Amino acid sequence: ASRDALMACLEAWKSGRTITSLQEQQPPIFVIEDQWHERRTLEGFQILDHAQVVGSSVRFEVDVLLKPGKEKARYAVTTNPAITISRLD
């Protein structure tokens, strides 16, 4: 469920949707991602196989291709009580 939520979030960003649109869907997804807030374009991403359970969240490493440049990102995904995705770095 956590990986699916992160995938849906990143696909939404890549397709040009807004963070607000994710909050308004059912179930809502709450996102904390400064690069998205700053309107940087996500051109591609790859979720790596390094998922780690930490407390009530699952952490993922993701290669993100932003315009301009490629960088590594770490996200924490919590699914209870609400789906929340936060960039950690």
# chains A, B, ... in the order shown; residues from 1 in each chain; ligands from 1
>>> select_by_dssp(residues="chain A", states="alpha helix (DSSP H)", output="PyMOL selection string")
chain A and resi 2-14+19-24+34-37
>>> write_last_selection(atoms="N, CA, C and O atoms", output="mmCIF file, in the first residue's frame")
data_model
loop_
_atom_site.group_PDB
_atom_site.id
_atom_site.type_symbol
_atom_site.label_atom_id
_atom_site.label_comp_id
_atom_site.auth_asym_id
_atom_site.auth_seq_id
_atom_site.Cartn_x
_atom_site.Cartn_y
_atom_site.Cartn_z
ATOM 1 N N SER A 2 1.959 1.246 0.774
ATOM 2 C CA SER A 2 2.831 2.425 0.842
ATOM 3 C C SER A 2 3.502 2.698 -0.501
ATOM 4 O O SER A 2 3.553 3.839 -0.965
ATOM 5 N N ARG A 3 4.008 1.651 -1.121
ATOM 6 C CA ARG A 3 4.666 1.804 -2.421
ATOM 7 C C ARG A 3 3.666 2.284 -3.471
ATOM 8 O O ARG A 3 3.989 3.152 -4.295
ATOM 9 N N ASP A 4 2.453 1.741 -3.446
ATOM 10 C CA ASP A 4 1.411 2.165 -4.393
ATOM 11 C C ASP A 4 1.072 3.638 -4.203
ATOM 12 O O ASP A 4 0.865 4.365 -5.190
ATOM 13 N N ALA A 5 0.995 4.090 -2.954
ATOM 14 C CA ALA A 5 0.682 5.495 -2.667
ATOM 15 C C ALA A 5 1.793 6.404 -3.188
ATOM 16 O O ALA A 5 1.525 7.447 -3.800
ATOM 17 N N LEU A 6 3.043 6.016 -2.952
ATOM 18 C CA LEU A 6 4.168 6.810 -3.450
ATOM 19 C C LEU A 6 4.172 6.830 -4.971
ATOM 20 O O LEU A 6 4.380 7.882 -5.584
ATOM 21 N N MET A 7 3.917 5.697 -5.606
ATOM 22 C CA MET A 7 3.860 5.622 -7.064
ATOM 23 C C MET A 7 2.764 6.556 -7.603
ATOM 24 O O MET A 7 2.998 7.312 -8.558
ATOM 25 N N ALA A 8 1.582 6.516 -6.988
ATOM 26 C CA ALA A 8 0.482 7.381 -7.426
ATOM 27 C C ALA A 8 0.846 8.856 -7.273
ATOM 28 O O ALA A 8 0.546 9.683 -8.143
ATOM 29 N N CYS A 9 1.503 9.181 -6.181
ATOM 30 C CA CYS A 9 1.923 10.556 -5.921
ATOM 31 C C CYS A 9 2.908 11.034 -6.983
ATOM 32 O O CYS A 9 2.729 12.109 -7.569
ATOM 33 N N LEU A 10 3.937 10.244 -7.241
ATOM 34 C CA LEU A 10 4.952 10.652 -8.205
ATOM 35 C C LEU A 10 4.405 10.685 -9.630
ATOM 36 O O LEU A 10 4.760 11.561 -10.423
ATOM 37 N N GLU A 11 3.519 9.756 -9.962
ATOM 38 C CA GLU A 11 2.879 9.780 -11.288
ATOM 39 C C GLU A 11 2.032 11.046 -11.451
ATOM 40 O O GLU A 11 2.000 11.645 -12.531
ATOM 41 N N ALA A 12 1.339 11.440 -10.382
ATOM 42 C CA ALA A 12 0.531 12.663 -10.435
ATOM 43 C C ALA A 12 1.415 13.883 -10.676
ATOM 44 O O ALA A 12 1.091 14.756 -11.486
ATOM 45 N N TRP A 13 2.539 13.962 -9.965
ATOM 46 C CA TRP A 13 3.480 15.071 -10.146
ATOM 47 C C TRP A 13 3.998 15.086 -11.578
ATOM 48 O O TRP A 13 3.999 16.122 -12.251
ATOM 49 N N LYS A 14 4.409 13.927 -12.060
ATOM 50 C CA LYS A 14 4.960 13.817 -13.413
ATOM 51 C C LYS A 14 3.943 14.246 -14.467
ATOM 52 O O LYS A 14 4.294 14.856 -15.477
ATOM 53 N N ILE A 19 -0.450 19.345 -5.916
ATOM 54 C CA ILE A 19 -0.544 18.710 -4.602
ATOM 55 C C ILE A 19 -1.969 18.825 -4.075
ATOM 56 O O ILE A 19 -2.509 17.877 -3.505
ATOM 57 N N THR A 20 -2.593 19.965 -4.298
ATOM 58 C CA THR A 20 -3.973 20.176 -3.839
ATOM 59 C C THR A 20 -4.919 19.161 -4.461
ATOM 60 O O THR A 20 -5.828 18.663 -3.796
ATOM 61 N N SER A 21 -4.698 18.796 -5.727
ATOM 62 C CA SER A 21 -5.591 17.829 -6.375
ATOM 63 C C SER A 21 -5.512 16.468 -5.696
ATOM 64 O O SER A 21 -6.508 15.746 -5.640
ATOM 65 N N LEU A 22 -4.342 16.118 -5.161
ATOM 66 C CA LEU A 22 -4.224 14.851 -4.436
ATOM 67 C C LEU A 22 -4.959 14.895 -3.110
ATOM 68 O O LEU A 22 -5.518 13.895 -2.663
ATOM 69 N N GLN A 23 -4.974 16.050 -2.473
ATOM 70 C CA GLN A 23 -5.693 16.199 -1.206
ATOM 71 C C GLN A 23 -7.201 16.134 -1.407
ATOM 72 O O GLN A 23 -7.930 15.755 -0.496
ATOM 73 N N GLU A 24 -7.661 16.493 -2.602
ATOM 74 C CA GLU A 24 -9.095 16.539 -2.874
ATOM 75 C C GLU A 24 -9.657 15.225 -3.395
ATOM 76 O O GLU A 24 -10.861 15.065 -3.501
ATOM 77 N N ASP A 34 9.008 19.946 -1.214
ATOM 78 C CA ASP A 34 9.358 21.322 -1.561
ATOM 79 C C ASP A 34 9.589 21.524 -3.047
ATOM 80 O O ASP A 34 9.234 22.567 -3.597
ATOM 81 N N GLN A 35 10.195 20.539 -3.716
ATOM 82 C CA GLN A 35 10.460 20.683 -5.150
ATOM 83 C C GLN A 35 9.157 20.819 -5.941
ATOM 84 O O GLN A 35 9.088 21.577 -6.912
ATOM 85 N N TRP A 36 8.139 20.110 -5.513
ATOM 86 C CA TRP A 36 6.832 20.190 -6.181
ATOM 87 C C TRP A 36 6.178 21.534 -5.872
ATOM 88 O O TRP A 36 5.633 22.189 -6.751
ATOM 89 N N HIS A 37 6.270 21.969 -4.612
ATOM 90 C CA HIS A 37 5.726 23.278 -4.230
ATOM 91 C C HIS A 37 6.385 24.401 -5.022
ATOM 92 O O HIS A 37 5.742 25.400 -5.342
#
>>> residues_around(residues="Thr41 (chain A)", least_positions_apart="2", cutoff="7 Å", atoms="only C-alpha atoms", output="ChimeraX atom specification")
/A:39,43,66-67
>>> write_last_selection(atoms="N, CA, C and O atoms", output="PDB file, in the first residue's frame")
ATOM      1  N   ARG A  39       7.279  24.227  -7.961  1.00  0.00           N
ATOM      2  CA  ARG A  39       6.860  24.018  -9.349  1.00  0.00           C
ATOM      3  C   ARG A  39       7.960  23.486 -10.255  1.00  0.00           C
ATOM      4  O   ARG A  39       7.963  23.740 -11.468  1.00  0.00           O
ATOM      5  N   GLU A  43      10.345  14.866 -14.462  1.00  0.00           N
ATOM      6  CA  GLU A  43      10.366  14.250 -15.784  1.00  0.00           C
ATOM      7  C   GLU A  43      10.380  12.733 -15.722  1.00  0.00           C
ATOM      8  O   GLU A  43      10.013  12.067 -16.678  1.00  0.00           O
ATOM      9  N   LEU A  66      14.482  15.623 -12.220  1.00  0.00           N
ATOM     10  CA  LEU A  66      13.815  16.921 -12.193  1.00  0.00           C
ATOM     11  C   LEU A  66      14.411  17.793 -13.286  1.00  0.00           C
ATOM     12  O   LEU A  66      15.544  17.593 -13.715  1.00  0.00           O
ATOM     13  N   LYS A  67      13.657  18.763 -13.701  1.00  0.00           N
ATOM     14  CA  LYS A  67      14.150  19.684 -14.713  1.00  0.00           C
ATOM     15  C   LYS A  67      14.767  20.864 -13.994  1.00  0.00           C
ATOM     16  O   LYS A  67      14.039  21.585 -13.314  1.00  0.00           O
TER      17      LYS A  67
END
>>> atom_distance(atom1="CA of Ser15 (chain A)", atom2="CA of Gln52 (chain A)")
27.1 Å
>>> atom_distance(atom1="CA of Val31 (chain A)", atom2="CA of His50 (chain A)")
20.5 Å
>>> atom_distance(atom1="CA of Pro81 (chain A)", atom2="CA of Leu48 (chain A)")
25.3 Å
>>> closest_residue(among="A:Ser86, A:Val53, A:Arg40, A:Ile47", to="Gly69 (chain A)", atoms="only C-alpha atoms")
A:Arg40
>>> closest_residue(among="A:Val58, A:Gly16, A:Leu42, A:Pro28", to="Tyr75 (chain A)", atoms="only C-alpha atoms")
A:Val58
>>> closest_residue(among="A:Val62, A:Ile29, A:Gln46, A:Thr18", to="Thr79 (chain A)", atoms="only C-alpha atoms")
A:Ile29
